[in-house]
file structure-v3.cif (mmCIF, C-alpha atoms (C1' of nucleotides))
data_run
loop_
_atom_site.label_atom_id
_atom_site.label_comp_id
_atom_site.auth_asym_id
_atom_site.auth_seq_id
_atom_site.Cartn_x
_atom_site.Cartn_y
_atom_site.Cartn_z
CA MET A 15 11.14 -36.23 55.13
CA LYS A 16 10.42 -32.75 53.92
CA ASN A 17 6.85 -31.81 53.26
CA THR A 18 7.49 -29.25 50.55
CA TYR A 19 9.98 -29.05 47.71
CA ARG A 20 11.24 -26.31 45.46
CA ILE A 21 10.89 -26.68 41.74
CA GLY A 22 14.41 -27.95 41.15
CA GLU A 23 14.04 -30.79 43.61
CA VAL A 24 10.67 -31.66 42.13
CA ALA A 25 12.39 -31.75 38.75
CA THR A 26 14.97 -34.29 39.87
CA ARG A 27 12.35 -36.39 41.66
CA THR A 28 9.89 -36.49 38.78
CA GLY A 29 12.25 -36.35 35.81
CA CYS A 30 10.35 -33.31 34.63
CA SER A 31 12.30 -30.13 33.90
CA PRO A 32 11.47 -26.94 35.82
CA GLU A 33 10.52 -25.32 32.53
CA SER A 34 7.97 -28.05 31.85
CA ILE A 35 6.52 -27.79 35.34
CA ARG A 36 6.05 -24.04 34.96
CA HIS A 37 4.62 -24.73 31.52
CA TYR A 38 2.07 -27.17 32.92
CA GLU A 39 1.07 -24.59 35.49
CA LYS A 40 0.60 -21.94 32.83
CA LEU A 41 -1.52 -24.35 30.80
CA GLY A 42 -3.67 -25.18 33.79
CA LEU A 43 -2.70 -28.82 34.25
CA LEU A 44 -1.26 -27.85 37.61
CA PRO A 45 -2.93 -25.42 40.00
CA PRO A 46 -0.90 -22.27 40.76
CA ALA A 47 1.86 -23.37 43.11
CA LYS A 48 2.15 -21.96 46.60
CA ARG A 49 4.89 -19.38 46.86
CA SER A 50 7.49 -18.64 49.48
CA GLU A 51 8.00 -15.05 50.61
CA GLN A 52 10.62 -14.65 47.87
CA GLY A 53 8.22 -15.92 45.25
CA TYR A 54 9.71 -19.41 44.90
CA ARG A 55 7.24 -22.17 44.04
CA HIS A 56 6.77 -24.88 46.64
CA TYR A 57 5.18 -28.26 46.03
CA ASP A 58 3.72 -30.89 48.34
CA GLN A 59 3.27 -34.63 47.86
CA ALA A 60 -0.06 -34.20 46.10
CA ALA A 61 1.55 -31.89 43.57
CA LEU A 62 4.36 -34.38 43.06
CA ALA A 63 1.80 -37.09 42.36
CA ARG A 64 0.03 -34.87 39.87
CA ILE A 65 3.27 -34.11 38.04
CA GLY A 66 4.04 -37.83 38.04
CA PHE A 67 0.63 -38.43 36.52
CA ILE A 68 1.41 -35.97 33.73
CA ARG A 69 4.85 -37.42 33.12
CA HIS A 70 3.54 -40.93 32.97
CA GLY A 71 0.84 -39.90 30.56
CA ARG A 72 3.44 -38.19 28.39
CA SER A 73 5.65 -41.26 28.48
CA LEU A 74 2.67 -43.15 27.12
CA GLY A 75 2.51 -40.64 24.30
CA LEU A 76 -0.65 -38.91 25.47
CA ASP A 77 -0.85 -35.24 24.52
CA LEU A 78 -1.24 -32.63 27.21
CA HIS A 79 -4.84 -32.00 26.25
CA SER A 80 -5.78 -35.64 26.85
CA ILE A 81 -3.87 -35.61 30.11
CA GLN A 82 -5.73 -32.51 31.15
CA GLU A 83 -9.02 -34.28 30.45
CA LEU A 84 -7.90 -37.28 32.49
CA LEU A 85 -6.83 -35.03 35.35
CA ALA A 86 -10.19 -33.29 35.25
CA LEU A 87 -11.89 -36.68 35.50
CA SER A 88 -9.60 -37.61 38.35
CA ASP A 89 -10.55 -34.39 40.11
CA HIS A 90 -14.21 -35.43 39.98
CA PRO A 91 -14.30 -38.96 41.39
CA ASP A 92 -18.07 -39.29 40.96
CA THR A 93 -18.05 -39.00 37.18
CA ASP A 94 -18.31 -42.05 35.01
CA CYS A 95 -15.15 -43.93 34.18
CA GLY A 96 -16.22 -44.39 30.57
CA ALA A 97 -14.82 -41.01 29.60
CA ALA A 98 -11.35 -42.02 30.74
CA ASP A 99 -11.67 -45.26 28.85
CA ASP A 100 -12.65 -43.31 25.74
CA ILE A 101 -9.58 -41.10 25.93
CA ALA A 102 -7.21 -44.02 26.42
CA THR A 103 -8.86 -46.13 23.75
CA ARG A 104 -8.87 -43.24 21.30
CA HIS A 105 -5.18 -42.71 21.91
CA LEU A 106 -4.46 -46.41 21.53
CA GLN A 107 -6.14 -46.42 18.14
CA HIS A 108 -4.18 -43.34 17.21
CA LEU A 109 -0.97 -45.10 18.23
CA GLU A 110 -1.81 -48.22 16.28
CA ALA A 111 -2.53 -46.21 13.16
CA ARG A 112 0.76 -44.38 13.51
CA ILE A 113 2.64 -47.63 13.97
CA ALA A 114 1.07 -49.09 10.85
CA LYS A 115 2.00 -46.03 8.84
CA LEU A 116 5.57 -45.99 10.11
CA GLN A 117 5.94 -49.67 9.34
CA ALA A 118 4.82 -49.09 5.77
CA LEU A 119 7.30 -46.24 5.52
CA ALA A 120 10.13 -48.34 6.93
CA ALA A 121 9.37 -51.16 4.52
CA GLU A 122 9.45 -48.79 1.59
CA LEU A 123 12.62 -47.11 2.77
CA ARG A 124 14.26 -50.50 3.30
CA GLN A 125 13.52 -51.31 -0.30
CA VAL A 126 14.95 -47.98 -1.43
CA VAL A 127 18.13 -48.49 0.55
CA GLN A 128 18.63 -51.98 -0.79
CA GLN A 129 18.63 -50.65 -4.33
CA CYS A 130 21.80 -48.68 -3.69
CA ARG A 131 24.75 -50.41 -5.34
CA GLY A 132 27.30 -47.69 -4.57
CA GLY A 133 29.02 -45.69 -7.26
CA LYS A 134 28.29 -42.11 -8.25
CA THR A 135 25.29 -40.06 -7.22
CA ALA A 136 24.27 -39.77 -10.86
CA ASP A 137 23.40 -43.46 -10.85
CA CYS A 138 22.19 -43.68 -7.27
CA GLN A 139 18.94 -45.56 -7.05
CA ILE A 140 17.99 -43.88 -3.79
CA ILE A 141 17.94 -40.49 -5.44
CA GLN A 142 16.40 -41.83 -8.61
CA THR A 143 13.58 -43.40 -6.62
CA LEU A 144 12.89 -40.14 -4.85
CA TYR A 145 12.62 -38.39 -8.18
CA ASP A 146 10.40 -41.08 -9.62
CA HIS A 147 7.00 -40.96 -8.00
CA THR A 148 5.49 -43.93 -9.75
CA LEU A 149 7.93 -46.46 -8.31
CA ALA A 150 7.64 -46.11 -4.59
CA CYS A 151 4.11 -44.74 -4.45
CA SER A 152 2.61 -47.76 -6.15
CA GLU A 153 2.27 -49.93 -3.07
CA HIS A 154 0.40 -47.56 -0.80
CA GLY A 155 -1.47 -44.46 -1.81
CA CYS A 156 1.04 -41.78 -0.98
CA GLY A 157 0.28 -38.23 -1.98
CA MET B 19 1.50 -28.80 -22.90
CA LYS B 20 2.52 -25.64 -21.09
CA ASN B 21 6.16 -25.16 -20.28
CA THR B 22 5.69 -23.05 -17.15
CA TYR B 23 3.15 -23.15 -14.33
CA ARG B 24 2.10 -20.73 -11.66
CA ILE B 25 2.36 -21.79 -8.04
CA GLY B 26 -1.29 -22.78 -7.73
CA GLU B 27 -1.12 -25.20 -10.64
CA VAL B 28 2.13 -26.61 -9.30
CA ALA B 29 0.33 -27.14 -6.01
CA THR B 30 -2.46 -29.20 -7.57
CA ARG B 31 0.01 -31.18 -9.69
CA THR B 32 2.39 -32.01 -6.87
CA GLY B 33 -0.01 -32.18 -3.94
CA CYS B 34 2.16 -29.59 -2.23
CA SER B 35 0.48 -26.43 -0.96
CA PRO B 36 1.64 -23.03 -2.28
CA GLU B 37 2.65 -22.13 1.26
CA SER B 38 4.93 -25.15 1.47
CA ILE B 39 6.46 -24.42 -1.91
CA ARG B 40 7.26 -20.87 -0.87
CA HIS B 41 8.57 -22.27 2.41
CA TYR B 42 10.93 -24.66 0.60
CA GLU B 43 12.19 -21.77 -1.48
CA LYS B 44 12.85 -19.66 1.61
CA LEU B 45 14.72 -22.57 3.20
CA GLY B 46 16.83 -23.05 0.09
CA LEU B 47 15.55 -26.46 -0.99
CA LEU B 48 14.26 -24.79 -4.14
CA PRO B 49 16.19 -22.14 -6.07
CA PRO B 50 14.48 -18.73 -6.26
CA ALA B 51 11.68 -19.13 -8.78
CA LYS B 52 11.59 -17.13 -11.98
CA ARG B 53 9.11 -14.30 -11.76
CA SER B 54 6.63 -12.86 -14.23
CA GLU B 55 6.49 -9.10 -14.73
CA GLN B 56 3.89 -8.96 -11.97
CA GLY B 57 6.10 -10.87 -9.60
CA TYR B 58 4.28 -14.21 -9.89
CA ARG B 59 6.45 -17.30 -9.50
CA HIS B 60 6.73 -19.55 -12.54
CA TYR B 61 7.98 -23.13 -12.54
CA ASP B 62 9.25 -25.43 -15.26
CA GLN B 63 9.34 -29.23 -15.44
CA ALA B 64 12.67 -29.43 -13.61
CA ALA B 65 11.23 -27.44 -10.72
CA LEU B 66 8.19 -29.73 -10.67
CA ALA B 67 10.48 -32.76 -10.44
CA ARG B 68 12.39 -31.15 -7.59
CA ILE B 69 9.19 -30.44 -5.67
CA GLY B 70 8.08 -34.00 -6.32
CA PHE B 71 11.41 -35.18 -4.90
CA ILE B 72 10.81 -33.20 -1.74
CA ARG B 73 7.22 -34.43 -1.39
CA HIS B 74 8.25 -37.99 -1.85
CA GLY B 75 10.97 -37.63 0.72
CA ARG B 76 8.49 -36.10 3.14
CA SER B 77 6.01 -38.91 2.51
CA LEU B 78 8.80 -41.27 3.54
CA GLY B 79 9.14 -39.31 6.75
CA LEU B 80 12.47 -37.68 5.91
CA ASP B 81 12.96 -34.27 7.48
CA LEU B 82 13.62 -31.27 5.28
CA HIS B 83 17.25 -31.13 6.34
CA SER B 84 17.88 -34.67 5.12
CA ILE B 85 16.02 -33.94 1.91
CA GLN B 86 18.17 -30.87 1.42
CA GLU B 87 21.28 -33.01 1.81
CA LEU B 88 19.95 -35.51 -0.72
CA LEU B 89 19.13 -32.71 -3.16
CA ALA B 90 22.62 -31.31 -2.76
CA LEU B 91 24.03 -34.75 -3.59
CA SER B 92 21.71 -34.96 -6.55
CA ASP B 93 22.96 -31.60 -7.74
CA HIS B 94 26.52 -32.96 -7.80
CA PRO B 95 26.31 -36.17 -9.80
CA ASP B 96 30.02 -36.92 -9.41
CA THR B 97 29.99 -37.29 -5.66
CA ASP B 98 29.94 -40.68 -4.04
CA CYS B 99 26.62 -42.40 -3.54
CA GLY B 100 27.58 -43.54 -0.05
CA ALA B 101 26.47 -40.27 1.49
CA ALA B 102 22.93 -40.77 0.18
CA ASP B 103 22.95 -44.30 1.50
CA ASP B 104 24.05 -43.01 4.89
CA ILE B 105 21.18 -40.54 5.08
CA ALA B 106 18.58 -43.11 4.10
CA THR B 107 20.00 -45.78 6.37
CA ARG B 108 20.23 -43.39 9.29
CA HIS B 109 16.60 -42.44 8.79
CA LEU B 110 15.57 -46.07 8.52
CA GLN B 111 17.20 -46.84 11.84
CA HIS B 112 15.50 -43.80 13.32
CA LEU B 113 12.17 -45.08 12.00
CA GLU B 114 12.72 -48.56 13.38
CA ALA B 115 13.59 -47.21 16.79
CA ARG B 116 10.47 -45.07 16.81
CA ILE B 117 8.32 -48.02 15.77
CA ALA B 118 9.74 -50.14 18.56
CA LYS B 119 9.07 -47.42 21.09
CA LEU B 120 5.52 -46.87 19.88
CA GLN B 121 4.85 -50.60 19.99
CA ALA B 122 5.99 -50.74 23.59
CA LEU B 123 3.75 -47.78 24.36
CA ALA B 124 0.77 -49.37 22.64
CA ALA B 125 1.28 -52.63 24.51
CA GLU B 126 1.39 -50.81 27.80
CA LEU B 127 -1.62 -48.68 26.98
CA ARG B 128 -3.54 -51.76 25.88
CA GLN B 129 -2.88 -53.26 29.28
CA VAL B 130 -4.02 -50.07 30.98
CA VAL B 131 -7.24 -49.95 28.99
CA GLN B 132 -8.04 -53.56 29.72
CA GLN B 133 -7.93 -52.87 33.44
CA CYS B 134 -10.92 -50.56 33.18
CA ARG B 135 -13.99 -52.24 34.59
CA GLY B 136 -16.30 -49.26 34.32
CA GLY B 137 -17.88 -47.57 37.30
CA LYS B 138 -16.82 -44.32 38.88
CA THR B 139 -13.64 -42.40 38.18
CA ALA B 140 -12.60 -42.84 41.79
CA ASP B 141 -12.06 -46.54 41.15
CA CYS B 142 -10.86 -46.23 37.55
CA GLN B 143 -7.78 -48.34 36.97
CA ILE B 144 -6.71 -46.21 34.03
CA ILE B 145 -6.35 -43.16 36.23
CA GLN B 146 -4.92 -45.17 39.12
CA THR B 147 -2.27 -46.61 36.83
CA LEU B 148 -1.28 -43.16 35.63
CA TYR B 149 -0.85 -42.04 39.23
CA ASP B 150 1.11 -45.12 40.15
CA HIS B 151 4.52 -45.01 38.56
CA THR B 152 5.72 -48.36 39.78
CA LEU B 153 3.11 -50.36 37.92
CA ALA B 154 3.46 -49.39 34.33
CA CYS B 155 7.07 -48.30 34.38
CA SER B 156 8.34 -51.66 35.52
CA GLU B 157 8.47 -53.29 32.12
CA HIS B 158 10.55 -50.75 30.24
CA GLY B 159 12.66 -48.01 31.64
CA CYS B 160 10.33 -45.07 31.29
CA GLY B 161 11.39 -41.73 32.64
"C1'" DG C 24 -16.94 0.30 -17.13
"C1'" DC C 25 -17.25 -2.10 -12.93
"C1'" DT C 26 -17.77 -5.60 -9.73
"C1'" DT C 27 -16.88 -10.28 -8.13
"C1'" DG C 28 -14.08 -13.97 -7.33
"C1'" DA C 29 -9.90 -16.48 -7.89
"C1'" DC C 30 -5.53 -16.05 -7.98
"C1'" DC C 31 -0.80 -14.13 -6.42
"C1'" DC C 32 2.45 -11.45 -3.25
"C1'" DT C 33 4.84 -10.50 1.56
"C1'" DG C 34 5.21 -10.99 6.37
"C1'" DT C 35 3.70 -12.70 10.69
"C1'" DA C 36 1.65 -15.83 13.94
"C1'" DA C 37 -0.35 -20.14 15.16
"C1'" DC C 38 -0.07 -25.21 16.19
"C1'" DG C 39 2.52 -28.90 20.51
"C1'" DA C 40 5.85 -29.69 23.72
"C1'" DT C 41 10.06 -28.54 25.00
"C1'" DT C 42 14.35 -26.02 25.37
"C1'" DA C 43 17.15 -21.98 25.60
"C1'" DC C 44 18.01 -17.88 26.34
"C1'" DA C 45 18.21 -12.75 28.64
"C1'" DG C 46 18.14 -10.08 32.66
"C1'" DG C 47 17.46 -10.06 37.27
"C1'" DG C 48 16.97 -11.66 42.30
"C1'" DT C 49 18.12 -15.28 46.29
"C1'" DT C 50 20.33 -18.77 48.69
"C1'" DT C 51 24.23 -21.47 50.03
"C1'" DA C 52 28.92 -23.09 50.52
"C1'" DG C 53 33.72 -21.96 50.68
"C1'" DC D 21 32.37 -11.70 50.73
"C1'" DT D 22 32.16 -13.89 46.65
"C1'" DA D 23 31.07 -17.50 43.39
"C1'" DA D 24 28.07 -21.05 42.18
"C1'" DA D 25 23.71 -22.76 42.04
"C1'" DC D 26 19.28 -21.90 42.34
"C1'" DC D 27 14.82 -19.24 41.38
"C1'" DC D 28 11.84 -15.70 38.86
"C1'" DT D 29 9.50 -13.68 34.34
"C1'" DG D 30 9.09 -13.23 29.55
"C1'" DT D 31 10.45 -14.17 24.98
"C1'" DA D 32 12.14 -16.83 21.20
"C1'" DA D 33 13.81 -20.94 19.24
"C1'" DT D 34 12.85 -25.80 17.40
"C1'" DC D 35 9.98 -28.64 13.10
"C1'" DG D 36 6.77 -28.45 9.12
"C1'" DT D 37 2.62 -26.74 7.99
"C1'" DT D 38 -1.38 -23.82 8.04
"C1'" DA D 39 -3.79 -19.52 8.57
"C1'" DC D 40 -4.20 -15.29 8.60
"C1'" DA D 41 -3.78 -9.79 7.36
"C1'" DG D 42 -3.28 -6.42 3.92
"C1'" DG D 43 -2.52 -5.64 -0.70
"C1'" DG D 44 -1.93 -6.36 -5.91
"C1'" DT D 45 -3.49 -8.73 -10.58
"C1'" DC D 46 -6.44 -10.84 -13.76
"C1'" DA D 47 -10.26 -13.26 -15.72
"C1'" DA D 48 -15.43 -13.61 -16.54
"C1'" DG D 49 -20.06 -11.70 -16.22
"C1'" DC D 50 -23.30 -7.81 -15.76
#

call {"tool": "encode", "arguments": {"input": "structure-v3.cif", "output": "structure tokens"}}
result
Amino acid sequence: MKNTYRIGEVATRTGCSPESIRHYEKLGLLPPAKRSEQGYRHYDQAALARIGFIRHGRSLGLDLHSIQELLALSDHPDTDCGAADDIATRHLQHLEARIAKLQALAAELRQVVQQCRGGKTADCQIIQTLYDHTLACSEHGCG
Amino acid sequence: MKNTYRIGEVATRTGCSPESIRHYEKLGLLPPAKRSEQGYRHYDQAALARIGFIRHGRSLGLDLHSIQELLALSDHPDTDCGAADDIATRHLQHLEARIAKLQALAAELRQVVQQCRGGKTADCQIIQTLYDHTLACSEHGCG
DNA sequence: GCTTGACCCTGTAACGATTACAGGGTTTAG
DNA sequence: CTAAACCCTGTAATCGTTACAGGGTCAAGC
């Protein structure tokens, strides 16, 4: 059981590329890593946990700014939890809005695809629909 | 009824910013616009229709590369319609996959948010869950 | 005539998160 | 001793859009 890891091993353990880890450090989500005499970054378990935190947040679709806010809250255990709840709830609403929009898009695209009866491009209903604004934009206010 | 429009008027008519129009031209989705003596771009009805095509494709979530392919097909009316169908179908599948992923994310995030009971950050379940990989990653293979 | 504001032009950089280099040094295994 | 695999920094690419900077053109109003 090693107590420190170089960036490559951290990458394999966390599923986070070395480039991303360095990027997080540059952005301030990670504190400057300790360096060996040759300048190699070394990470301990706490750093691994922090990178895992970031990765998990990213896998939930949180942006790095939100994750940074959550990390800042985590670094100050005495602050109120409501701020964290706000960030997560805000993101959840953002997600739900995006899902709704994508579903509307998919429904419209499904309709467009179904209109295709084969044949030549000149008669293709997919292309015709894209040219004709009034058809596909009628159901939801696009543009 | 004018027969040509300057870029600003095209922008208001199509809902596409002048910057984007110039960008589409640089990328080759639009042919080089005719210029006035002073170098101002001028557009006719056909160009307006083409920009509308692009905008509509974008509003459906198509990327500019796919739109360029569709425009190329549209420019060659004798080609087979199947290629257009492929592009649209491929994008639809892409959309559906993204929706499914976002829904899984939202479900997980909803669960995380519900665990928050208020209080101090030190006890916040939102932050704890982000630190703890095993909890939230169990349901779908994240990472 | 002269200024003000609204246009237009080009080229470049920013956004967010990641990836891919180039160009160089270090470690490790054969 | 050498080749592969690793590490470093810094820069540029990706995607589509927006925002500049720095300059030219044209209309209306004084």

call {"tool": "closest_atom_pairs", "arguments": {"input": "structure-v3.cif", "of": "chain A", "to": "chain B", "cutoff": "7 Å", "atoms": "only C-alpha atoms", "output": "JSON lines"}}
result
{"residue": "A:Gly29", "atom": "CA", "partner": "B:Gly161", "partner_atom": "CA", "distance": 6.3}
{"residue": "A:Ala63", "atom": "CA", "partner": "B:Tyr149", "partner_atom": "CA", "distance": 6.4}
{"residue": "A:Gly66", "atom": "CA", "partner": "B:Tyr149", "partner_atom": "CA", "distance": 6.6}
{"residue": "A:Phe67", "atom": "CA", "partner": "B:Tyr149", "partner_atom": "CA", "distance": 4.8}
{"residue": "A:His70", "atom": "CA", "partner": "B:Leu148", "partner_atom": "CA", "distance": 5.9}
{"residue": "A:Gly71", "atom": "CA", "partner": "B:Leu148", "partner_atom": "CA", "distance": 6.4}
{"residue": "A:Ser73", "atom": "CA", "partner": "B:Cys160", "partner_atom": "CA", "distance": 6.7}
{"residue": "A:Leu74", "atom": "CA", "partner": "B:Leu123", "partner_atom": "CA", "distance": 5.5}
{"residue": "A:Leu87", "atom": "CA", "partner": "B:Thr139", "partner_atom": "CA", "distance": 6.6}
{"residue": "A:Ser88", "atom": "CA", "partner": "B:Thr139", "partner_atom": "CA", "distance": 6.3}
{"residue": "A:Pro91", "atom": "CA", "partner": "B:Ala140", "partner_atom": "CA", "distance": 4.3}
{"residue": "A:Asp92", "atom": "CA", "partner": "B:Lys138", "partner_atom": "CA", "distance": 5.6}
{"residue": "A:Thr93", "atom": "CA", "partner": "B:Thr139", "partner_atom": "CA", "distance": 5.7}
{"residue": "A:Asp94", "atom": "CA", "partner": "B:Lys138", "partner_atom": "CA", "distance": 4.7}
{"residue": "A:Cys95", "atom": "CA", "partner": "B:Thr139", "partner_atom": "CA", "distance": 4.5}
{"residue": "A:Gly96", "atom": "CA", "partner": "B:Gly136", "partner_atom": "CA", "distance": 6.1}
{"residue": "A:Asp99", "atom": "CA", "partner": "B:Val131", "partner_atom": "CA", "distance": 6.5}
{"residue": "A:Ala102", "atom": "CA", "partner": "B:Val131", "partner_atom": "CA", "distance": 6.5}
{"residue": "A:Thr103", "atom": "CA", "partner": "B:Val131", "partner_atom": "CA", "distance": 6.7}
{"residue": "A:Leu106", "atom": "CA", "partner": "B:Ala124", "partner_atom": "CA", "distance": 6.1}
{"residue": "A:Leu109", "atom": "CA", "partner": "B:Ala124", "partner_atom": "CA", "distance": 6.4}
{"residue": "A:Glu110", "atom": "CA", "partner": "B:Ala124", "partner_atom": "CA", "distance": 7.0}
{"residue": "A:Ile113", "atom": "CA", "partner": "B:Ile117", "partner_atom": "CA", "distance": 6.0}
{"residue": "A:Leu116", "atom": "CA", "partner": "B:Ile117", "partner_atom": "CA", "distance": 6.6}
{"residue": "A:Leu119", "atom": "CA", "partner": "B:Leu78", "partner_atom": "CA", "distance": 5.6}
{"residue": "A:Ala120", "atom": "CA", "partner": "B:Leu110", "partner_atom": "CA", "distance": 6.1}
{"residue": "A:Leu123", "atom": "CA", "partner": "B:Leu110", "partner_atom": "CA", "distance": 6.5}
{"residue": "A:Arg124", "atom": "CA", "partner": "B:Leu110", "partner_atom": "CA", "distance": 7.0}
{"residue": "A:Val127", "atom": "CA", "partner": "B:Asp103", "partner_atom": "CA", "distance": 6.5}
{"residue": "A:Cys130", "atom": "CA", "partner": "B:Asp103", "partner_atom": "CA", "distance": 6.9}
{"residue": "A:Gly132", "atom": "CA", "partner": "B:Cys99", "partner_atom": "CA", "distance": 5.4}
{"residue": "A:Gly133", "atom": "CA", "partner": "B:Cys99", "partner_atom": "CA", "distance": 5.5}
{"residue": "A:Lys134", "atom": "CA", "partner": "B:Asp98", "partner_atom": "CA", "distance": 4.7}
{"residue": "A:Thr135", "atom": "CA", "partner": "B:Cys99", "partner_atom": "CA", "distance": 4.6}
{"residue": "A:Ala136", "atom": "CA", "partner": "B:Pro95", "partner_atom": "CA", "distance": 4.3}
{"residue": "A:Cys138", "atom": "CA", "partner": "B:Cys99", "partner_atom": "CA", "distance": 5.9}
{"residue": "A:Ile141", "atom": "CA", "partner": "B:Ser92", "partner_atom": "CA", "distance": 6.8}
{"residue": "A:Leu144", "atom": "CA", "partner": "B:Phe71", "partner_atom": "CA", "distance": 5.2}
{"residue": "A:Tyr145", "atom": "CA", "partner": "B:Phe71", "partner_atom": "CA", "distance": 4.7}
{"residue": "A:His147", "atom": "CA", "partner": "B:His74", "partner_atom": "CA", "distance": 6.9}
{"residue": "A:Cys156", "atom": "CA", "partner": "B:Ser77", "partner_atom": "CA", "distance": 6.7}
{"residue": "A:Gly157", "atom": "CA", "partner": "B:Gly33", "partner_atom": "CA", "distance": 6.4}

call {"tool": "closest_atom_pairs", "arguments": {"input": "structure-v3.cif", "of": "chain A", "to": "chain C", "cutoff": "12 Å", "atoms": "all atoms listed in the file", "output": "Markdown table"}}
result
| residue | atom | partner | partner_atom | distance |
| --- | --- | --- | --- | --- |
| A:Cys30 | CA | C:DT41 | C1' | 10.8 |
| A:Ser31 | CA | C:DT41 | C1' | 9.3 |
| A:Pro32 | CA | C:DT42 | C1' | 10.9 |
| A:Glu33 | CA | C:DT42 | C1' | 8.2 |
| A:Ser34 | CA | C:DT41 | C1' | 7.2 |
| A:Ile35 | CA | C:DT41 | C1' | 11.0 |
| A:Arg36 | CA | C:DT41 | C1' | 11.6 |
| A:His37 | CA | C:DT41 | C1' | 9.3 |
| A:Tyr38 | CA | C:DA40 | C1' | 10.3 |
| A:Leu41 | CA | C:DA40 | C1' | 11.5 |
| A:Ser50 | CA | C:DT49 | C1' | 11.6 |
| A:Glu51 | CA | C:DT49 | C1' | 11.0 |
| A:Gln52 | CA | C:DT49 | C1' | 7.7 |
| A:Gly53 | CA | C:DT49 | C1' | 10.0 |
| A:Tyr54 | CA | C:DT49 | C1' | 9.5 |
| A:Arg72 | CA | C:DA40 | C1' | 10.0 |
| A:Gly75 | CA | C:DA40 | C1' | 11.5 |
| A:Leu76 | CA | C:DA40 | C1' | 11.4 |
| A:Asp77 | CA | C:DG39 | C1' | 8.2 |
| A:Leu78 | CA | C:DA40 | C1' | 8.4 |
| A:His79 | CA | C:DG39 | C1' | 9.8 |

call {"tool": "atom_distance", "arguments": {"input": "structure-v3.cif", "atom1": "atom CA of A:Asp58", "atom2": "atom CA of A:Tyr19"}}
result
6.6 Å

call {"tool": "interface_residues", "arguments": {"input": "structure-v3.cif", "of": "chain D", "to": "chain B", "cutoff": "9 Å", "atoms": "all atoms listed in the file", "output": "JSON, numbers by chain"}}
result
{"D": [35, 36, 37, 38, 44, 45]}

call {"tool": "atom_distance", "arguments": {"input": "structure-v3.cif", "atom1": "atom CA of B:Arg24", "atom2": "atom C1' of D:DC50"}}
result
28.8 Å

call {"tool": "closest_residue", "arguments": {"input": "structure-v3.cif", "among": "A:Ile21, A:Gln125, A:Lys16, A:Arg104", "to": "A:Arg49", "atoms": "only C-alpha atoms"}}
result
A:Ile21

call {"tool": "axis_aligned_box", "arguments": {"input": "structure-v3.cif", "around": "stretch 35-47 of chain D", "padding_each_side": "5 Å", "output": "JSON"}}
result
{"center_x": -0.1, "center_y": -17.1, "center_z": -1.3, "size_x": 30.2, "size_y": 33.0, "size_z": 38.8}

call {"tool": "atom_distance", "arguments": {"input": "structure-v3.cif", "atom1": "atom C1' of D:DA25", "atom2": "atom CA of A:Thr18"}}
result
19.4 Å

call {"tool": "build_atoms", "arguments": {"input": "structure-v3.cif", "residues": "stretch 18-26 of chain A", "atoms": "N, CA, C and O atoms", "output": "mmCIF file, in the coordinates of the input"}}
result
data_model
loop_
_atom_site.group_PDB
_atom_site.id
_atom_site.type_symbol
_atom_site.label_atom_id
_atom_site.label_comp_id
_atom_site.auth_asym_id
_atom_site.auth_seq_id
_atom_site.Cartn_x
_atom_site.Cartn_y
_atom_site.Cartn_z
ATOM 1 N N THR A 18 7.580 -30.010 51.789
ATOM 2 C CA THR A 18 7.490 -29.250 50.550
ATOM 3 C C THR A 18 8.847 -29.230 49.839
ATOM 4 O O THR A 18 9.886 -29.385 50.474
ATOM 5 N N TYR A 19 8.779 -29.029 48.523
ATOM 6 C CA TYR A 19 9.980 -29.050 47.710
ATOM 7 C C TYR A 19 9.972 -27.860 46.756
ATOM 8 O O TYR A 19 8.915 -27.453 46.272
ATOM 9 N N ARG A 20 11.146 -27.347 46.474
ATOM 10 C CA ARG A 20 11.240 -26.310 45.460
ATOM 11 C C ARG A 20 11.263 -26.972 44.087
ATOM 12 O O ARG A 20 11.488 -28.171 43.953
ATOM 13 N N ILE A 21 11.124 -26.140 43.067
ATOM 14 C CA ILE A 21 10.890 -26.680 41.740
ATOM 15 C C ILE A 21 12.045 -27.554 41.232
ATOM 16 O O ILE A 21 11.833 -28.552 40.545
ATOM 17 N N GLY A 22 13.264 -27.177 41.614
ATOM 18 C CA GLY A 22 14.410 -27.950 41.150
ATOM 19 C C GLY A 22 14.418 -29.351 41.713
ATOM 20 O O GLY A 22 14.719 -30.323 41.002
ATOM 21 N N GLU A 23 14.066 -29.468 42.994
ATOM 22 C CA GLU A 23 14.040 -30.790 43.610
ATOM 23 C C GLU A 23 12.894 -31.624 43.039
ATOM 24 O O GLU A 23 13.022 -32.828 42.829
ATOM 25 N N VAL A 24 11.775 -30.967 42.780
ATOM 26 C CA VAL A 24 10.670 -31.660 42.130
ATOM 27 C C VAL A 24 11.111 -32.181 40.765
ATOM 28 O O VAL A 24 10.775 -33.296 40.365
ATOM 29 N N ALA A 25 11.906 -31.363 40.074
ATOM 30 C CA ALA A 25 12.390 -31.750 38.750
ATOM 31 C C ALA A 25 13.203 -33.034 38.813
ATOM 32 O O ALA A 25 12.977 -33.969 38.039
ATOM 33 N N THR A 26 14.138 -33.092 39.778
ATOM 34 C CA THR A 26 14.970 -34.290 39.870
ATOM 35 C C THR A 26 14.154 -35.496 40.314
ATOM 36 O O THR A 26 14.395 -36.611 39.875
#
